[in-house]
2 protein chains.
Amino acid sequence: MLLDHGSGGRATHELVTRFFAPLLSNPFLDAMNDSAVMDFLGDRLAFTTDSYVVDPVIFPGGNIGSLAVHGTVNDLAMSGARPMVLTAGFILEEGLDLSLLETIVRSMAEAAREAGVTVVAGDTKVVPKGKGDKIFITTAGVGIVPPGVSLGGQNARPGDAVLINGTIGDHGTAILCSREGLSMEGVIQSDSAPLHTLVAAILTACAHVHVLRDPTRGGVATTLNEIASQSRVGIRLFEEALPIREDVAGACEILGLDPLYMANEGKVLVVLPQEEAGKALDAMRRHPLGRHAALIGEVMADHPGRVTLRTRIGGHRIVDMLRGEPLPRIC
Amino acid sequence: MLLDHGSGGRATHELVTRFFAPLLSNPFLDAMNDSAVMDFLGDRLAFTTDSYVVDPVIFPGGNIGSLAVHGTVNDLAMSGARPMVLTAGFILEEGLDLSLLETIVRSMAEAAREAGVTVVAGDTKVVPKGKGDKIFITTAGVGIVPPGVSLGGQNARPGDAVLINGTIGDHGTAILCSREGLSMEGVIQSDSAPLHTLVAAILTACAHVHVLRDPTRGGVATTLNEIASQSRVGIRLFEEALPIREDVAGACEILGLDPLYMANEGKVLVVLPQEEAGKALDAMRRHPLGRHAALIGEVMADHPGRVTLRTRIGGHRIVDMLRGEPLPRIC
Ligand SMILES: Nc1ncnc2c1ncn2[C@@H]1O[C@H](COP(=O)(O)OP(=O)(O)OP(=O)(O)O)[C@@H](O)[C@H]1O
Ligand SMILES: Nc1ncnc2c1ncn2[C@@H]1O[C@H](COP(=O)(O)OP(=O)(O)OP(=O)(O)O)[C@@H](O)[C@H]1O
Ligand SMILES: [Mg+2]
Ligand SMILES: [Mg+2]
Ligand SMILES: [Mg+2]
Ligand SMILES: [Mg+2]
Ligand SMILES: [Mg+2]
Ligand SMILES: [Mg+2]
């Protein structure tokens with residue numbers, strides 16, 4: 001096991017699709033979406049999980065507790081579900097400061113309250129000093145998918161537009177800067193936020209949304225590669241349209257990294273027919289988490305499985321999944 | 001944070017009830033049962049989670065993968081739910097051997113198949129060497145509670161009988177012996193097993209079951225203390241009735257430990273009216289996981305919150321929750 005297997009890029013993708021998924025195979029898992037969606041007593045339930053091992057545990061814009069709530073709420077939202085209830089498993093390192101734990105659990109409670117979800121069950125394990133690292137949290141979430149909503153990475157179609165609700169790469173850059181002690185003018189903040197009300201606004205405004213996905217580990221580049229490969233379509237990004245904060249761009253340049261590969265924790269990629277793009281952008285821009293929404297790309301029939309970038313000067317380059325240089329413990 | 005906070009005894013109980021639960025408080029969590037049970041679209045859903053950090057990851061009778069399935073299936077079963085779907089979050093240590101991971105995930109898949117549950121979503125994180133320990137798994141599970149079933153630690157009533165489906169302390173003793181390199185004549189095996197079909201048999205045979213609970217960390221002694229305190233009743237155990245394997249008793253004596261405090265992973269405590277005790281014992285004994293079922297105690301009105309043991313020679317001693325000497329990483 002290499003650190004890179006947890007970066008969320010090519011190595012993670014291959015570990016999951018070639019190793020885990022075949023062993024545990026079933027139609028829900030094999031769909032490889034953000035949440036599994038199942039018929040359940042006549043309704044549709046979404047069910048998902050994420051483990052959080054972010055380092056540092058407190059970072060500009062949040063901490064591992066609020067992140068663990070937002071991340072799972074967002075994976076539910078990406079399937080169009082109304083997030084309902086969460087569980088939380090805590091793996092604590094011996095010697096962890098109780099006041100640090102309190103800060104984290106308070107944020108978790110606050111994030112849950114804000115998102116309208118309830119933490120209904122938990123678990124607490126302690127490992128000896130040096131066998132963990134302060135605190136790891138695993139949240140699982142259940143939500144209800146409204147009738148008629150059917151989203152998934154396999155649904156992108158040639159002619160679709162690709163939108164995002166705001167700036168790219170904030171979370172990953174915030175974590176790395178905070179870890180490296182790098183500070184720009186002002187501290188770069190994580191975008192960690194619950195996206196379910198933004199998603200509800202999009203789904204109310206637009207009847208034909210094909211894909212929603214949160215570009216977390218591996219960033220926009222990796223997530224679009226997943227969609228391109230699940231839907232067997234090409235995706236073209238427009239460089240000049242990518243919303244990137246100046247400080248994020250600057251920090252990434254210093255770190256030798258590309259914002260397109262940096263994790264986001266409050267962003268959603270929206271893939272839907274061009275005709276609905278305007279309505280979706282309007283709906284997003286009216287929401288506090290969508291003020292910088294932009295149309296950033298398009299879906300094409302050619303080069304299925306491939307993502308390309310049309311540069312400012314009109315050239316084209318391939319945008320692969322994240323690979324190489326691991327970016328460990330971003331979330 | 002002390003290791004003892006994860007032992008499942010008094011320290012864990014106080015951390016959860018005085019620290020976590022007040023911060024995250026809601027009626028489902030506050031019920032402090034094995035699963036949260038919620039009304040959901042006209043049906044009742046059970047939802048639960050456990051993190052697994054057992055050391056060693058492979059032990060006589062199972063491994064962390066099968067244990068993670070059994071443990072969550074059992075917490076669902078304890079609420080009377082039919083276990084349906086699981087999620088699994090993996091926290092892997094850099095350098096983990098892929099063939100060890102394969103053994104574990106294969107066991108997980110097999111345990112899920114045997115229990116009739118499906119792992120519908122997962123997550124994979126990797127932490128640097130020395131920041132984790134091989135593999136931690138967090139499973140969450142959802143099940144459906146049949147109409148009319150209403151179980152909970154608060155439901156024990158004076159006059160109830162206390163039953164168990166077999167021998168006490170096998171899992172914890174197996175882990176400690178394997179960790180200490182202690183071997184009796186033959187290796188002590190964990191009792192790790194899925195209990196939902198046994199539970200279904202009990203619930204079919206008996207209409208008035210009050211409490212089911214799996215005596216995991218902290219063992220039978222701690223779990224009965226939880227029930228005594230939730231239900232504000234006294235519980236009396238009969239020493240001569242406690243089913244304990246000879247090798248487990250012997251190993252515990254060498255280790256200076258009491259089987260009553262050792263974790264079980266395939267046992268259920270059943271609290272129900274005396275009149276139904278015979279039917280429950282018959283139902284259990286007909287099931288492969290209940291051959292050594294026994295009536296081990298009774299619920300009383302006096303000494304609410306207290307568990308006592310009537311010894312072989314007719315004396316009485318208080319059986320407190322597990323405290324002191326931590327037993328870390330038992331599950
Ligand atoms: N160990 C695993 N076993 C089975 N399925 C897994 C495993 N890890 C991930 N998956 C599945 O692979 C898909 C992608 O998982 P991934 O964790 O990359 O998505 P995500 O949660 O949206 O991203 P992130 O974890 O960065 O927030 C999901 O459908 C998930 O259920
Ligand atoms: N960190 C936590 N935050 C909130 N609730 C918690 C937490 N840890 C445990 N709980 C709750 O406390 C109760 C007891 O949890 P515990 O883990 O001891 O039970 P269990 O899963 O049946 O036992 P084990 O973990 O040994 O298998 C449950 O209702 C659980 O939801
Ligand atoms: Mg996601
Ligand atoms: Mg996620
Ligand atoms: Mg637990
Ligand atoms: Mg339990
Ligand atoms: Mg449990
Ligand atoms: Mg994930």
# chains A, B, ... in the order shown; residues from 1 in each chain; ligands from 1
$ interface_residues --of "chain B" --to "chain A" --cutoff "8 Å" --atoms "only C-alpha atoms" --output "JSON, numbers by chain"
{"B": [1, 2, 3, 4, 5, 6, 7, 12, 16, 20, 23, 24, 26, 28, 29, 35, 36, 41, 43, 47, 48, 49, 50, 51, 52, 53, 87, 88, 89, 90, 91, 92, 93, 94, 95, 96, 97, 98, 105, 106, 109, 118, 119, 120, 121, 122, 123, 124, 125, 126, 127, 128, 130, 131, 132, 133, 138, 140, 328, 329]}
$ write_last_selection --atoms "C-alpha atoms" --output "mmCIF file, in the first residue's frame"
data_model
loop_
_atom_site.group_PDB
_atom_site.id
_atom_site.type_symbol
_atom_site.label_atom_id
_atom_site.label_comp_id
_atom_site.auth_asym_id
_atom_site.auth_seq_id
_atom_site.Cartn_x
_atom_site.Cartn_y
_atom_site.Cartn_z
ATOM 1 C CA MET B 1 -7.521 10.341 26.085
ATOM 2 C CA LEU B 2 -6.526 7.112 27.826
ATOM 3 C CA LEU B 3 -6.446 3.648 26.338
ATOM 4 C CA ASP B 4 -9.044 2.722 28.918
ATOM 5 C CA HIS B 5 -11.515 5.088 27.189
ATOM 6 C CA GLY B 6 -11.720 2.477 24.441
ATOM 7 C CA SER B 7 -12.029 -0.640 26.586
ATOM 8 C CA THR B 12 -15.907 4.441 27.668
ATOM 9 C CA VAL B 16 -19.848 8.610 25.614
ATOM 10 C CA PHE B 20 -20.184 12.819 23.152
ATOM 11 C CA LEU B 23 -22.818 17.470 22.377
ATOM 12 C CA LEU B 24 -24.590 15.481 19.679
ATOM 13 C CA ASN B 26 -31.028 13.817 19.950
ATOM 14 C CA PHE B 28 -32.217 8.474 18.688
ATOM 15 C CA LEU B 29 -28.686 8.810 20.028
ATOM 16 C CA SER B 35 -28.771 0.713 16.709
ATOM 17 C CA ALA B 36 -30.762 3.881 16.336
ATOM 18 C CA LEU B 41 -41.455 6.775 5.390
ATOM 19 C CA ASP B 43 -41.428 1.935 8.236
ATOM 20 C CA PHE B 47 -28.931 2.450 11.609
ATOM 21 C CA THR B 48 -25.659 1.739 13.406
ATOM 22 C CA THR B 49 -21.869 1.940 13.131
ATOM 23 C CA ASP B 50 -18.736 0.461 14.674
ATOM 24 C CA SER B 51 -15.061 1.086 14.021
ATOM 25 C CA TYR B 52 -12.718 -1.900 14.196
ATOM 26 C CA VAL B 53 -9.091 -1.589 15.285
ATOM 27 C CA THR B 87 -20.924 0.556 4.080
ATOM 28 C CA ALA B 88 -17.220 0.113 4.823
ATOM 29 C CA GLY B 89 -14.571 2.798 5.311
ATOM 30 C CA PHE B 90 -10.958 1.593 5.197
ATOM 31 C CA ILE B 91 -8.065 3.444 6.829
ATOM 32 C CA LEU B 92 -4.921 1.726 5.566
ATOM 33 C CA GLU B 93 -1.369 2.226 6.715
ATOM 34 C CA GLU B 94 1.264 2.906 4.090
ATOM 35 C CA GLY B 95 3.237 -0.282 3.521
ATOM 36 C CA LEU B 96 0.286 -2.606 4.277
ATOM 37 C CA ASP B 97 0.754 -5.889 2.475
ATOM 38 C CA LEU B 98 -1.762 -6.219 -0.361
ATOM 39 C CA VAL B 105 -11.584 -8.137 2.172
ATOM 40 C CA ARG B 106 -12.322 -11.691 1.023
ATOM 41 C CA ALA B 109 -17.228 -10.418 1.337
ATOM 42 C CA THR B 118 -24.537 -6.211 0.757
ATOM 43 C CA VAL B 119 -21.646 -3.760 1.044
ATOM 44 C CA VAL B 120 -23.068 -0.984 -1.124
ATOM 45 C CA ALA B 121 -20.517 1.806 -0.640
ATOM 46 C CA GLY B 122 -16.972 2.192 0.589
ATOM 47 C CA ASP B 123 -14.123 4.581 1.112
ATOM 48 C CA THR B 124 -10.355 4.187 1.082
ATOM 49 C CA LYS B 125 -7.866 6.383 2.888
ATOM 50 C CA VAL B 126 -4.130 5.775 3.356
ATOM 51 C CA VAL B 127 -2.106 7.248 6.220
ATOM 52 C CA PRO B 128 1.702 7.397 6.395
ATOM 53 C CA GLY B 130 3.445 4.993 11.840
ATOM 54 C CA LYS B 131 0.233 7.074 11.720
ATOM 55 C CA GLY B 132 -2.071 4.069 11.701
ATOM 56 C CA ASP B 133 -1.682 0.340 12.249
ATOM 57 C CA THR B 138 -15.534 1.251 10.021
ATOM 58 C CA ALA B 140 -22.198 1.187 9.132
ATOM 59 C CA PRO B 328 -7.268 -2.227 24.236
ATOM 60 C CA ARG B 329 -8.023 -3.169 20.647
#
$ residues_near_ligand --ligand "ligand 6" --cutoff "9 Å" --atoms "only C-alpha atoms and all ligand atoms" --output "ChimeraX atom specification"
/B:33-35,50,71-72,74-76,78,213-217,223
$ residues_around --residues "Ser192 in chain B" --least-positions-apart "5" --cutoff "10 Å" --atoms "only C-alpha atoms" --output "PyMOL selection string"
chain B and resi 60-63+66-71+74+170-171+264-267
$ write_last_selection --atoms "N, CA and C atoms" --output "short mmCIF file (atom, residue, chain, number, x, y, z; two decimals), in the first residue's frame"
data_model
loop_
_atom_site.label_atom_id
_atom_site.label_comp_id
_atom_site.auth_asym_id
_atom_site.auth_seq_id
_atom_site.Cartn_x
_atom_site.Cartn_y
_atom_site.Cartn_z
N PRO B 60 -7.50 -16.28 15.76
CA PRO B 60 -8.18 -17.57 15.64
C PRO B 60 -9.69 -17.38 15.59
N GLY B 61 -10.30 -17.81 14.50
CA GLY B 61 -11.74 -17.71 14.37
C GLY B 61 -12.21 -16.54 13.53
N GLY B 62 -11.29 -15.77 12.97
CA GLY B 62 -11.73 -14.66 12.12
C GLY B 62 -10.65 -13.65 11.87
N ASN B 63 -11.04 -12.53 11.31
CA ASN B 63 -10.12 -11.42 11.13
C ASN B 63 -10.93 -10.13 11.14
N SER B 66 -14.10 -10.02 8.67
CA SER B 66 -15.32 -10.74 9.05
C SER B 66 -15.91 -10.13 10.32
N LEU B 67 -15.05 -9.72 11.25
CA LEU B 67 -15.52 -9.11 12.49
C LEU B 67 -16.32 -7.83 12.21
N ALA B 68 -15.83 -7.03 11.26
CA ALA B 68 -16.50 -5.76 10.95
C ALA B 68 -17.90 -5.99 10.37
N VAL B 69 -18.06 -7.10 9.67
CA VAL B 69 -19.40 -7.44 9.15
C VAL B 69 -20.26 -7.98 10.29
N HIS B 70 -19.74 -8.96 11.02
CA HIS B 70 -20.54 -9.56 12.11
C HIS B 70 -20.96 -8.52 13.15
N GLY B 71 -20.03 -7.66 13.52
CA GLY B 71 -20.32 -6.69 14.57
C GLY B 71 -21.47 -5.77 14.20
N ASN B 74 -24.74 -7.64 13.91
CA ASN B 74 -25.26 -7.94 15.25
C ASN B 74 -25.88 -6.72 15.92
N ASP B 170 -15.28 -15.81 24.92
CA ASP B 170 -14.41 -16.47 23.93
C ASP B 170 -13.61 -15.47 23.09
N HIS B 171 -14.27 -14.43 22.58
CA HIS B 171 -13.57 -13.53 21.64
C HIS B 171 -12.41 -12.80 22.32
N ASN B 264 -17.35 -10.61 23.76
CA ASN B 264 -17.94 -11.66 22.94
C ASN B 264 -18.33 -11.04 21.60
N GLU B 265 -18.28 -11.83 20.53
CA GLU B 265 -18.67 -11.28 19.22
C GLU B 265 -19.68 -12.19 18.51
N GLY B 266 -20.25 -13.12 19.27
CA GLY B 266 -21.26 -13.99 18.69
C GLY B 266 -22.26 -14.39 19.77
N LYS B 267 -22.43 -13.48 20.73
CA LYS B 267 -23.33 -13.79 21.85
C LYS B 267 -24.38 -12.70 21.97
#
$ select_by_dssp --residues "range 116-326 of chain B" --states "alpha helix (DSSP H)" --output "ChimeraX atom specification"
/B:170-180,196-205,219-231,246-255,274-285
$ residues_around --residues "Glu276 in chain B" --least-positions-apart "4" --cutoff "12 Å" --atoms "only C-alpha atoms" --output "ChimeraX atom specification"
/B:159-163,202-210,270-272,280-283,295
$ select_by_dssp --residues "range 44-144 of chain B" --states "strand (DSSP E)" --output "PyMOL selection string"
chain B and resi 44-52+58-59+62-63+82-93+118-127+135-144
$ atom_distance --atom1 "atom 16 (P, counted along the ligand's line) of ligand 2" --atom2 "CA of Met321 in chain B"
13.5 Å
$ residues_around --residues "Arg291 in chain A" --least-positions-apart "5" --cutoff "9 Å" --atoms "only C-alpha atoms" --output "list in words"
Asn165, Gly166, Met284, Arg285 and Arg286 of chain A
$ residues_around --residues "Val211 in chain A" --least-positions-apart "4" --cutoff "9 Å" --atoms "only C-alpha atoms" --output "MDAnalysis selection string"
chainID A and resid 78:79 150:156 227 269:272
$ write_last_selection --atoms "all heavy atoms" --output "compact mmCIF listing (two decimals), in the first residue's frame"
# COMPACT_ATOMS: atom_id res chain seq x y z
N MET A 78 -25.16 14.54 -3.83
CA MET A 78 -24.77 14.26 -5.23
C MET A 78 -25.68 13.22 -5.89
O MET A 78 -25.77 13.14 -7.10
CB MET A 78 -23.31 13.78 -5.30
CG MET A 78 -22.31 14.83 -4.85
SD MET A 78 -22.47 16.40 -5.74
CE MET A 78 -22.78 17.55 -4.39
N SER A 79 -26.33 12.40 -5.08
CA SER A 79 -27.29 11.44 -5.65
C SER A 79 -28.69 12.05 -5.68
O SER A 79 -29.66 11.37 -6.00
CB SER A 79 -27.28 10.15 -4.84
OG SER A 79 -27.75 10.41 -3.53
N SER A 150 -32.87 11.05 -10.91
CA SER A 150 -32.00 9.93 -11.26
C SER A 150 -30.69 10.47 -11.78
O SER A 150 -30.56 10.87 -12.93
CB SER A 150 -32.69 9.06 -12.32
OG SER A 150 -31.79 8.08 -12.77
N LEU A 151 -29.70 10.50 -10.91
CA LEU A 151 -28.41 11.09 -11.24
C LEU A 151 -27.34 10.00 -11.19
O LEU A 151 -27.48 9.03 -10.47
CB LEU A 151 -28.06 12.17 -10.22
CG LEU A 151 -29.09 13.29 -10.06
CD1 LEU A 151 -28.80 14.11 -8.82
CD2 LEU A 151 -29.08 14.17 -11.31
N GLY A 152 -26.27 10.21 -11.94
CA GLY A 152 -25.19 9.23 -11.84
C GLY A 152 -24.09 9.55 -12.84
O GLY A 152 -24.35 10.13 -13.90
N GLY A 153 -22.89 9.15 -12.50
CA GLY A 153 -21.72 9.43 -13.33
C GLY A 153 -21.82 8.84 -14.73
O GLY A 153 -21.09 9.27 -15.63
N GLN A 154 -22.72 7.90 -14.92
CA GLN A 154 -22.87 7.25 -16.22
C GLN A 154 -23.82 8.00 -17.15
O GLN A 154 -24.03 7.60 -18.29
CB GLN A 154 -23.35 5.80 -16.03
CG GLN A 154 -24.80 5.62 -15.57
CD GLN A 154 -25.06 6.03 -14.11
OE1 GLN A 154 -24.14 6.35 -13.36
NE2 GLN A 154 -26.32 6.03 -13.72
N ASN A 155 -24.38 9.12 -16.68
CA ASN A 155 -25.46 9.78 -17.44
C ASN A 155 -25.04 10.97 -18.30
O ASN A 155 -25.89 11.59 -18.93
CB ASN A 155 -26.55 10.26 -16.47
CG ASN A 155 -27.28 9.10 -15.82
OD1 ASN A 155 -27.21 7.97 -16.31
ND2 ASN A 155 -27.97 9.36 -14.72
N ALA A 156 -23.76 11.34 -18.32
CA ALA A 156 -23.35 12.49 -19.14
C ALA A 156 -23.55 12.15 -20.63
O ALA A 156 -23.32 11.02 -21.05
CB ALA A 156 -21.88 12.82 -18.88
N ILE A 227 -16.17 10.73 -14.59
CA ILE A 227 -17.45 10.88 -15.32
C ILE A 227 -17.26 10.53 -16.79
O ILE A 227 -18.08 9.81 -17.37
CB ILE A 227 -17.99 12.32 -15.16
CG1 ILE A 227 -18.30 12.60 -13.68
CG2 ILE A 227 -19.21 12.56 -16.04
CD1 ILE A 227 -18.64 14.07 -13.37
N LEU A 269 -19.80 19.64 -9.39
CA LEU A 269 -19.81 19.67 -10.85
C LEU A 269 -21.20 19.26 -11.31
O LEU A 269 -21.75 18.27 -10.82
CB LEU A 269 -18.76 18.71 -11.41
CG LEU A 269 -17.31 19.14 -11.17
CD1 LEU A 269 -16.36 17.97 -11.37
CD2 LEU A 269 -16.94 20.32 -12.08
N VAL A 270 -21.76 20.06 -12.22
CA VAL A 270 -23.11 19.81 -12.72
C VAL A 270 -23.02 19.54 -14.20
O VAL A 270 -22.47 20.35 -14.95
CB VAL A 270 -24.01 21.05 -12.49
CG1 VAL A 270 -25.44 20.78 -12.93
CG2 VAL A 270 -23.96 21.49 -11.03
N VAL A 271 -23.52 18.40 -14.62
CA VAL A 271 -23.55 18.06 -16.04
C VAL A 271 -25.00 17.96 -16.46
O VAL A 271 -25.77 17.17 -15.88
CB VAL A 271 -22.82 16.73 -16.31
CG1 VAL A 271 -22.83 16.40 -17.80
CG2 VAL A 271 -21.39 16.78 -15.78
N LEU A 272 -25.39 18.78 -17.45
CA LEU A 272 -26.79 18.78 -17.87
C LEU A 272 -26.89 19.35 -19.29
O LEU A 272 -25.93 19.94 -19.78
CB LEU A 272 -27.67 19.57 -16.88
CG LEU A 272 -27.75 21.09 -16.90
CD1 LEU A 272 -28.59 21.59 -15.77
CD2 LEU A 272 -26.40 21.76 -16.92
$ atom_distance --atom1 "atom 14 (C, counted along the ligand's line) of ligand 1" --atom2 "CA of Glu226 in chain A"
9.1 Å
